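Structure, as structure tokens:
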2 protein chains.
Amino acid sequence: MTSSTATAAPSPEVGDGRRRILEAAAELFQVRGYAETSTRTIAEAVDMRAASIYHHFDSKDALLTEILAIGMQAVTDAFDAAELATEPDETGAQRLQRHVTAHLDALFGHKAFTAAHVTVFPFVPAAVRVASVEDRDRYEARWTDLLGSIAPELDPSQVRVVRLSLFGVMNSTLDWFDPAAEGSLDELANAFVSTLWSGLGTVGGGN
Amino acid sequence: MTSSTATAAPSPEVGDGRRRILEAAAELFQVRGYAETSTRTIAEAVDMRAASIYHHFDSKDALLTEILAIGMQAVTDAFDAAELATEPDETGAQRLQRHVTAHLDALFGHKAFTAAHVTVFPFVPAAVRVASVEDRDRYEARWTDLLGSIAPELDPSQVRVVRLSLFGVMNSTLDWFDPAAEGSLDELANAFVSTLWSGLGTVGGGN
DNA sequence: GACCCTACCGAACGATCGTTAGGCAGGCAA
DNA sequence: TTGCCTGCCTAACGATCGTTCGGTAGGGTC
């Protein structure tokens, strides 16, 4: 209809189809699961046919692999940005809270892509898993270093328990926290870190 | 070969096939996922053919429904047993730790059945989900009452956050804790509760 | 021996899956 | 005008899925 070249194009832009497939597939994988989502269902969500997906991706597995990579990129970038914002005189709790906030922001800011790592990752084909495990190991190592740095009194096995427990809490929020309805992620991060640091006994009475 | 009637039967006992299918299916669902596990794979694990499963269960969905019910029964029974062990002069932290231990004991004691609720539940067919949601709601209500009872200074929305966070930590242990290699679940429960109550700052220094 | 019940099997059904082959429309370059 | 490239299509392939049908072997009961 409108065909002026100066205004933003209302029709599909170049490379738009590929991005739309990625987002629709990530959303469907998160809600229904990987094996439960067919290529025809993905295509239907973007008003295409299943065969068209194969113009943009080699296979359904390759599509999932890219979705997982995008999710890891989001949390990794968020971690690095939080690290750069470190100030010399801040406390360990402050630094930890900035990273928890960054992780939660990345989780919910790219929810479909990050949630794929939490929900469907255990069941993805082995070939897809090995393609993502390197990214995941790198991210875990960042947290291991961080926690060891701000809590040097913990031995490595304790750091591991704290890290995995913290991941358990943070990642579980994808299932039950709604940033639009329940408040800011920063407040949630503050609740997590202050509880982890000082305990419910003091937090519950103080707030 | 051996056909004596007095000794324990080396051949399959009555009702044995059904139980073996349940356990094999639960294990496969946990490791591979529900949609990724075919009835033929389940049958192979118990040295049968796929058709034989339908002698014991109406459908693959019915098999999953029963597995989920067994898992919920395990954690519910554990909760009730822990509740009965309440002593009049114990602290809130002691009572909480007994329930955390009970939950972890049930999780790992019937791992394949309880893990199904954590890993495959989000993706199970809607009909199966509604069959389990009542059991799950009842168990959640038990924990809501418990936490509200031992931390009366928290308002309902805070209780909800604490409950869901605690579930996030406890259920995540299925992915990374190995009771056989890493120590007792009681110690893990103690670490969780003491951290939740008093914070890492005191725990880390004291231990 | 006749009968039945439990536990299992072989074979097949229709549906759905991921994927491929080949074609067509439109935009852009020469 | 010709030719190519991008983006999407229809149609179909073989594989695998959950499930059903019609059996059969064996043990217990009368």
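Labels used: A, B, ... for chains in the order of the structure tokens, numbers from 1 for residues in each chain, and numbers from 1 for ligands as shown.
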Give me, as a list in words, the residues of chain B touching chain D, with the criterion being at most 10 Å (counting only C-alpha atoms (C1' of nucleotides)). Ala35, Ser38, Thr39, Arg40, Ala50, Ala51, Tyr54, Asp58, Ser59 and Lys60 of chain B
Requested write-out: C-alpha atoms of the selected residues, as a short mmCIF file (atom, residue, chain, number, x, y, z; two decimals), in the first residue's frame:
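Final output, saved to selection-v5.cif:
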```cif
data_model
loop_
_atom_site.label_atom_id
_atom_site.label_comp_id
_atom_site.auth_asym_id
_atom_site.auth_seq_id
_atom_site.Cartn_x
_atom_site.Cartn_y
_atom_site.Cartn_z
CA ALA B 35 7.96 -36.64 24.22
CA SER B 38 8.75 -43.66 22.91
CA THR B 39 6.66 -46.51 24.21
CA ARG B 40 8.96 -48.83 22.29
CA ALA B 50 5.32 -51.75 23.10
CA ALA B 51 1.92 -53.40 22.90
CA TYR B 54 -1.21 -51.28 27.04
CA ASP B 58 -4.58 -47.18 29.14
CA SER B 59 -2.17 -44.88 27.37
CA LYS B 60 1.25 -43.27 27.54
#
```
Chain A contacts on chain B, only C-alpha atoms, 7 Å, as number ranges by chain: B: 32-33, 35-36, 123, 153-154, 165, 168-169, 172, 195-201, 204-205
I need the chosen residues saved as a compact mmCIF listing (two decimals), in the first residue's frame, with all heavy atoms.
```txt
# COMPACT_ATOMS: atom_id res chain seq x y z
N ARG B 32 15.45 -38.37 29.45
CA ARG B 32 15.29 -37.99 28.05
C ARG B 32 14.15 -37.03 27.80
O ARG B 32 14.09 -36.39 26.75
CB ARG B 32 15.02 -39.24 27.21
CG ARG B 32 16.08 -40.32 27.31
CD ARG B 32 15.87 -41.32 26.20
NE ARG B 32 16.67 -42.52 26.37
CZ ARG B 32 16.76 -43.49 25.46
NH1 ARG B 32 16.06 -43.39 24.34
NH2 ARG B 32 17.51 -44.54 25.66
N GLY B 33 13.20 -36.97 28.71
CA GLY B 33 11.99 -36.19 28.49
C GLY B 33 10.83 -37.06 28.06
O GLY B 33 11.02 -38.20 27.62
N ALA B 35 8.18 -36.50 25.66
CA ALA B 35 7.96 -36.64 24.22
C ALA B 35 9.11 -37.36 23.54
O ALA B 35 8.91 -38.02 22.52
CB ALA B 35 7.74 -35.27 23.58
N GLU B 36 10.30 -37.23 24.11
CA GLU B 36 11.48 -37.86 23.50
C GLU B 36 11.58 -39.34 23.81
O GLU B 36 12.45 -40.02 23.26
CB GLU B 36 12.75 -37.15 24.00
CG GLU B 36 12.90 -35.70 23.55
CD GLU B 36 12.21 -34.72 24.48
OE1 GLU B 36 11.40 -35.17 25.32
OE2 GLU B 36 12.47 -33.51 24.36
N PHE B 123 5.92 -29.42 30.27
CA PHE B 123 5.67 -29.77 28.88
C PHE B 123 4.70 -30.92 28.71
O PHE B 123 4.45 -31.34 27.57
CB PHE B 123 6.99 -30.12 28.20
CG PHE B 123 8.04 -29.07 28.36
CD1 PHE B 123 9.34 -29.40 28.69
CD2 PHE B 123 7.72 -27.73 28.19
CE1 PHE B 123 10.31 -28.42 28.84
CE2 PHE B 123 8.69 -26.74 28.34
CZ PHE B 123 9.98 -27.10 28.67
N GLU B 153 6.06 -12.77 60.76
CA GLU B 153 6.27 -11.36 60.41
C GLU B 153 6.23 -11.12 58.91
O GLU B 153 6.20 -9.96 58.46
CB GLU B 153 7.61 -10.86 60.98
CG GLU B 153 8.84 -11.39 60.28
CD GLU B 153 9.25 -12.76 60.77
OE1 GLU B 153 8.47 -13.37 61.53
OE2 GLU B 153 10.34 -13.23 60.38
N LEU B 154 6.24 -12.19 58.11
CA LEU B 154 6.19 -12.04 56.66
C LEU B 154 4.73 -11.93 56.20
O LEU B 154 3.87 -12.67 56.67
CB LEU B 154 6.86 -13.23 55.97
CG LEU B 154 8.33 -13.50 56.29
CD1 LEU B 154 8.83 -14.72 55.52
CD2 LEU B 154 9.18 -12.29 55.96
N SER B 165 11.23 -19.54 46.19
CA SER B 165 12.69 -19.53 46.16
C SER B 165 13.25 -20.79 46.79
O SER B 165 14.19 -21.41 46.27
CB SER B 165 13.23 -18.29 46.88
OG SER B 165 12.76 -17.10 46.26
N GLY B 168 12.85 -23.51 44.51
CA GLY B 168 13.85 -23.38 43.45
C GLY B 168 15.18 -23.98 43.85
O GLY B 168 15.80 -24.72 43.09
N VAL B 169 15.60 -23.69 45.08
CA VAL B 169 16.87 -24.24 45.56
C VAL B 169 16.77 -25.75 45.74
O VAL B 169 17.59 -26.52 45.23
CB VAL B 169 17.29 -23.58 46.89
CG1 VAL B 169 18.54 -24.24 47.43
CG2 VAL B 169 17.51 -22.10 46.69
N SER B 172 16.40 -27.74 42.53
CA SER B 172 17.57 -27.68 41.65
C SER B 172 18.64 -28.68 42.08
O SER B 172 19.48 -29.08 41.28
CB SER B 172 18.16 -26.28 41.62
OG SER B 172 18.97 -26.03 42.77
N THR B 195 21.64 -20.81 56.23
CA THR B 195 21.88 -19.66 55.36
C THR B 195 20.63 -18.82 55.24
O THR B 195 20.68 -17.59 55.35
CB THR B 195 22.34 -20.11 53.97
OG1 THR B 195 23.52 -20.92 54.09
CG2 THR B 195 22.64 -18.90 53.09
N LEU B 196 19.51 -19.49 55.00
CA LEU B 196 18.26 -18.75 54.88
C LEU B 196 17.96 -17.98 56.15
O LEU B 196 17.43 -16.87 56.12
CB LEU B 196 17.11 -19.73 54.56
CG LEU B 196 15.71 -19.13 54.44
CD1 LEU B 196 15.64 -18.19 53.25
CD2 LEU B 196 14.66 -20.23 54.31
N TRP B 197 18.30 -18.56 57.30
CA TRP B 197 17.95 -17.94 58.57
C TRP B 197 18.96 -16.86 58.99
O TRP B 197 18.57 -15.76 59.36
CB TRP B 197 17.87 -19.02 59.66
CG TRP B 197 16.74 -18.80 60.60
CD1 TRP B 197 16.79 -18.40 61.89
CD2 TRP B 197 15.34 -18.94 60.29
NE1 TRP B 197 15.53 -18.29 62.42
CE2 TRP B 197 14.61 -18.62 61.45
CE3 TRP B 197 14.64 -19.31 59.16
CZ2 TRP B 197 13.23 -18.65 61.51
CZ3 TRP B 197 13.26 -19.35 59.20
CH2 TRP B 197 12.58 -19.02 60.36
N SER B 198 20.23 -17.22 58.87
CA SER B 198 21.24 -16.33 59.44
C SER B 198 22.13 -15.65 58.41
O SER B 198 22.85 -14.71 58.74
CB SER B 198 22.14 -17.11 60.41
OG SER B 198 21.36 -17.83 61.34
N GLY B 199 22.12 -16.13 57.17
CA GLY B 199 22.91 -15.49 56.13
C GLY B 199 24.29 -16.09 55.97
O GLY B 199 24.83 -16.74 56.86
N LEU B 200 24.86 -15.85 54.80
CA LEU B 200 26.17 -16.39 54.48
C LEU B 200 27.26 -15.72 55.31
O LEU B 200 28.28 -16.33 55.63
CB LEU B 200 26.47 -16.16 52.99
CG LEU B 200 26.52 -17.38 52.09
CD1 LEU B 200 27.13 -17.00 50.76
CD2 LEU B 200 27.26 -18.51 52.73
N GLY B 201 27.07 -14.44 55.63
CA GLY B 201 28.08 -13.72 56.38
C GLY B 201 28.45 -14.43 57.67
O GLY B 201 29.63 -14.62 57.97
N GLY B 204 29.43 -18.46 56.70
CA GLY B 204 30.74 -18.61 56.07
C GLY B 204 31.87 -18.44 57.08
O GLY B 204 32.86 -19.17 57.04
N GLY B 205 31.72 -17.49 57.98
CA GLY B 205 32.77 -17.28 58.95
C GLY B 205 32.79 -18.36 60.02
O GLY B 205 33.86 -18.79 60.45
```
Residue set, segment 30-99 of chain B restricted to alpha helix (DSSP H), as a PyMOL selection string: chain B and resi 30-32+39-45+50-56+60-84+92-99
Any chance you could export the current selection's C-alpha atoms as a JSON list (two decimals), in the first residue's frame?
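Result went into selection.json, see below:
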```json
[["chain", "number", "residue", "atom", "x", "y", "z"],
["B", 30, "GLN", "CA", 13.54, -37.89, 33.71],
["B", 31, "VAL", "CA", 16.64, -38.37, 31.59],
["B", 32, "ARG", "CA", 15.29, -37.99, 28.05],
["B", 39, "THR", "CA", 6.66, -46.51, 24.21],
["B", 40, "ARG", "CA", 8.96, -48.83, 22.29],
["B", 41, "THR", "CA", 11.96, -47.50, 24.22],
["B", 42, "ILE", "CA", 10.16, -48.03, 27.52],
["B", 43, "ALA", "CA", 9.21, -51.55, 26.52],
["B", 44, "GLU", "CA", 12.77, -52.33, 25.48],
["B", 45, "ALA", "CA", 14.03, -51.22, 28.91],
["B", 50, "ALA", "CA", 5.32, -51.75, 23.10],
["B", 51, "ALA", "CA", 1.92, -53.40, 22.90],
["B", 52, "SER", "CA", 2.42, -55.03, 26.29],
["B", 53, "ILE", "CA", 2.45, -51.65, 28.01],
["B", 54, "TYR", "CA", -1.21, -51.28, 27.04],
["B", 55, "HIS", "CA", -2.10, -54.34, 29.05],
["B", 56, "HIS", "CA", -1.12, -52.42, 32.20],
["B", 60, "LYS", "CA", 1.25, -43.27, 27.54],
["B", 61, "ASP", "CA", -0.40, -40.24, 29.13],
["B", 62, "ALA", "CA", -1.99, -42.45, 31.81],
["B", 63, "LEU", "CA", 1.43, -43.93, 32.55],
["B", 64, "LEU", "CA", 2.87, -40.45, 33.02],
["B", 65, "THR", "CA", -0.10, -39.41, 35.15],
["B", 66, "GLU", "CA", 0.53, -42.30, 37.53],
["B", 67, "ILE", "CA", 4.25, -41.52, 37.71],
["B", 68, "LEU", "CA", 3.49, -37.92, 38.65],
["B", 69, "ALA", "CA", 1.00, -39.07, 41.27],
["B", 70, "ILE", "CA", 3.59, -41.37, 42.85],
["B", 71, "GLY", "CA", 6.06, -38.49, 42.99],
["B", 72, "MET", "CA", 3.60, -36.18, 44.70],
["B", 73, "GLN", "CA", 2.61, -38.94, 47.13],
["B", 74, "ALA", "CA", 6.26, -39.35, 48.12],
["B", 75, "VAL", "CA", 6.82, -35.69, 49.01],
["B", 76, "THR", "CA", 3.41, -35.33, 50.65],
["B", 77, "ASP", "CA", 3.95, -38.37, 52.85],
["B", 78, "ALA", "CA", 7.38, -37.07, 53.80],
["B", 79, "PHE", "CA", 5.91, -33.71, 54.76],
["B", 80, "ASP", "CA", 3.22, -35.28, 56.93],
["B", 81, "ALA", "CA", 5.73, -37.56, 58.64],
["B", 82, "ALA", "CA", 7.94, -34.55, 59.41],
["B", 83, "GLU", "CA", 4.92, -32.67, 60.74],
["B", 84, "LEU", "CA", 4.05, -35.52, 63.11],
["B", 92, "GLY", "CA", 11.14, -22.39, 63.80],
["B", 93, "ALA", "CA", 14.50, -23.08, 62.19],
["B", 94, "GLN", "CA", 14.54, -26.62, 63.59],
["B", 95, "ARG", "CA", 11.05, -27.30, 62.31],
["B", 96, "LEU", "CA", 11.90, -25.85, 58.90],
["B", 97, "GLN", "CA", 15.04, -27.91, 58.64],
["B", 98, "ARG", "CA", 13.15, -31.09, 59.39],
["B", 99, "HIS", "CA", 10.81, -30.32, 56.51]]
```
note - atom CA of Asp178 of chain B and atom CA of Ala141 of chain B are separated by 28.5 Å
What residues in chain C lie within 12 Å of chain B, counting only C-alpha atoms (C1' of nucleotides), written as JSON, numbers by chain? {"C": [6, 7, 8, 9, 10, 11, 12]}
Atoms to include: all heavy atoms. Write the selected residues as a short mmCIF file (atom, residue, chain, number, x, y, z; two decimals), in the first residue's frame.
```cif
data_model
loop_
_atom_site.label_atom_id
_atom_site.label_comp_id
_atom_site.auth_asym_id
_atom_site.auth_seq_id
_atom_site.Cartn_x
_atom_site.Cartn_y
_atom_site.Cartn_z
P DT C 6 -7.78 -61.23 35.23
OP1 DT C 6 -8.09 -60.50 36.48
OP2 DT C 6 -8.32 -60.76 33.94
"O5'" DT C 6 -6.21 -61.33 35.09
"C5'" DT C 6 -5.49 -62.18 35.98
"C4'" DT C 6 -4.09 -62.43 35.43
"O4'" DT C 6 -4.16 -63.33 34.30
"C3'" DT C 6 -3.36 -61.19 34.95
"O3'" DT C 6 -2.08 -61.13 35.57
"C2'" DT C 6 -3.26 -61.37 33.43
"C1'" DT C 6 -3.29 -62.88 33.29
N1 DT C 6 -3.82 -63.39 31.99
C2 DT C 6 -3.09 -64.29 31.26
O2 DT C 6 -2.01 -64.73 31.63
N3 DT C 6 -3.67 -64.70 30.08
C4 DT C 6 -4.88 -64.28 29.56
O4 DT C 6 -5.30 -64.71 28.49
C5 DT C 6 -5.59 -63.33 30.37
C7 DT C 6 -6.92 -62.81 29.91
C6 DT C 6 -5.03 -62.92 31.54
P DA C 7 -1.15 -59.85 35.48
OP1 DA C 7 -0.31 -59.75 36.69
OP2 DA C 7 -2.05 -58.74 35.11
"O5'" DA C 7 -0.21 -60.18 34.24
"C5'" DA C 7 0.61 -61.34 34.28
"C4'" DA C 7 1.24 -61.56 32.93
"O4'" DA C 7 0.25 -62.03 31.99
"C3'" DA C 7 1.84 -60.28 32.31
"O3'" DA C 7 3.22 -60.48 32.07
"C2'" DA C 7 1.04 -60.09 31.01
"C1'" DA C 7 0.55 -61.50 30.72
N9 DA C 7 -0.67 -61.56 29.91
C8 DA C 7 -1.81 -60.82 30.06
N7 DA C 7 -2.74 -61.08 29.17
C5 DA C 7 -2.18 -62.06 28.39
C6 DA C 7 -2.66 -62.76 27.27
N6 DA C 7 -3.88 -62.57 26.74
N1 DA C 7 -1.84 -63.69 26.72
C2 DA C 7 -0.62 -63.88 27.25
N3 DA C 7 -0.06 -63.27 28.30
C4 DA C 7 -0.90 -62.37 28.83
P DC C 8 4.14 -59.26 31.65
OP1 DC C 8 5.51 -59.57 32.10
OP2 DC C 8 3.48 -58.02 32.07
"O5'" DC C 8 4.10 -59.36 30.07
"C5'" DC C 8 4.94 -60.31 29.45
"C4'" DC C 8 4.36 -60.76 28.14
"O4'" DC C 8 2.92 -60.75 28.14
"C3'" DC C 8 4.69 -59.90 26.94
"O3'" DC C 8 5.99 -60.22 26.45
"C2'" DC C 8 3.60 -60.27 25.94
"C1'" DC C 8 2.54 -60.96 26.80
N1 DC C 8 1.15 -60.46 26.56
C2 DC C 8 0.42 -61.00 25.52
O2 DC C 8 0.94 -61.86 24.79
N3 DC C 8 -0.84 -60.55 25.27
C4 DC C 8 -1.37 -59.62 26.06
N4 DC C 8 -2.62 -59.22 25.81
C5 DC C 8 -0.63 -59.06 27.16
C6 DC C 8 0.61 -59.50 27.37
P DC C 9 6.72 -59.35 25.39
OP1 DC C 9 8.15 -59.70 25.46
OP2 DC C 9 6.26 -57.98 25.59
"O5'" DC C 9 6.13 -59.88 24.01
"C5'" DC C 9 6.23 -61.26 23.68
"C4'" DC C 9 5.41 -61.54 22.42
"O4'" DC C 9 4.02 -61.31 22.71
"C3'" DC C 9 5.77 -60.64 21.25
"O3'" DC C 9 6.50 -61.36 20.27
"C2'" DC C 9 4.43 -60.13 20.71
"C1'" DC C 9 3.39 -60.86 21.52
N1 DC C 9 2.25 -60.00 21.94
C2 DC C 9 1.04 -60.04 21.22
O2 DC C 9 0.97 -60.81 20.25
N3 DC C 9 0.02 -59.25 21.59
C4 DC C 9 0.15 -58.44 22.64
N4 DC C 9 -0.89 -57.69 22.99
C5 DC C 9 1.35 -58.38 23.39
C6 DC C 9 2.37 -59.16 23.01
P DG C 10 7.29 -60.62 19.12
OP1 DG C 10 8.47 -61.42 18.78
OP2 DG C 10 7.43 -59.22 19.54
"O5'" DG C 10 6.26 -60.67 17.90
"C5'" DG C 10 5.74 -61.92 17.48
"C4'" DG C 10 4.84 -61.76 16.27
"O4'" DG C 10 3.60 -61.13 16.70
"C3'" DG C 10 5.39 -60.88 15.16
"O3'" DG C 10 5.02 -61.43 13.90
"C2'" DG C 10 4.75 -59.51 15.41
"C1'" DG C 10 3.41 -59.90 16.04
N9 DG C 10 2.94 -58.94 17.04
C8 DG C 10 3.67 -58.37 18.04
N7 DG C 10 2.98 -57.57 18.81
C5 DG C 10 1.71 -57.62 18.29
C6 DG C 10 0.52 -56.96 18.70
O6 DG C 10 0.37 -56.18 19.65
N1 DG C 10 -0.56 -57.29 17.89
C2 DG C 10 -0.52 -58.15 16.83
N2 DG C 10 -1.66 -58.33 16.17
N3 DG C 10 0.59 -58.77 16.42
C4 DG C 10 1.66 -58.46 17.20
P DA C 11 5.49 -60.74 12.53
OP1 DA C 11 5.61 -61.82 11.53
OP2 DA C 11 6.65 -59.87 12.83
"O5'" DA C 11 4.26 -59.79 12.13
"C5'" DA C 11 2.94 -60.31 12.22
"C4'" DA C 11 1.93 -59.20 11.91
"O4'" DA C 11 1.65 -58.46 13.13
"C3'" DA C 11 2.38 -58.18 10.87
"O3'" DA C 11 1.45 -58.14 9.81
"C2'" DA C 11 2.49 -56.88 11.63
"C1'" DA C 11 1.54 -57.09 12.80
N9 DA C 11 1.86 -56.32 14.00
C8 DA C 11 3.09 -56.13 14.56
N7 DA C 11 3.08 -55.39 15.64
C5 DA C 11 1.75 -55.05 15.80
C6 DA C 11 1.07 -54.27 16.75
N6 DA C 11 1.68 -53.66 17.77
N1 DA C 11 -0.27 -54.13 16.62
C2 DA C 11 -0.88 -54.74 15.59
N3 DA C 11 -0.35 -55.50 14.63
C4 DA C 11 0.98 -55.62 14.79
P DA C 12 1.71 -57.32 8.45
OP1 DA C 12 1.17 -58.10 7.34
OP2 DA C 12 3.11 -56.86 8.45
"O5'" DA C 12 0.77 -56.04 8.65
"C5'" DA C 12 -0.55 -56.24 9.11
"C4'" DA C 12 -1.07 -55.00 9.78
"O4'" DA C 12 -0.31 -54.74 10.98
"C3'" DA C 12 -0.94 -53.70 8.96
"O3'" DA C 12 -2.18 -53.39 8.38
"C2'" DA C 12 -0.48 -52.66 9.97
"C1'" DA C 12 -0.51 -53.39 11.30
N9 DA C 12 0.54 -52.98 12.24
C8 DA C 12 1.86 -53.21 12.17
N7 DA C 12 2.56 -52.71 13.16
C5 DA C 12 1.61 -52.10 13.95
C6 DA C 12 1.69 -51.37 15.15
N6 DA C 12 2.83 -51.14 15.79
N1 DA C 12 0.53 -50.90 15.67
C2 DA C 12 -0.60 -51.13 15.03
N3 DA C 12 -0.81 -51.79 13.89
C4 DA C 12 0.35 -52.26 13.40
#
```
So what do you get for atom CA of Phe113 of chain B versus atom CA of Ser132 of chain B, distance-wise?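 Computing the Euclidean distance for atom CA of Phe113 of chain B and atom CA of Ser132 of chain B yields 12.8 Å.
What separates atom C1' of DG22 of chain C from atom CA of Ala25 of chain A is a distance of 26.6 Å.
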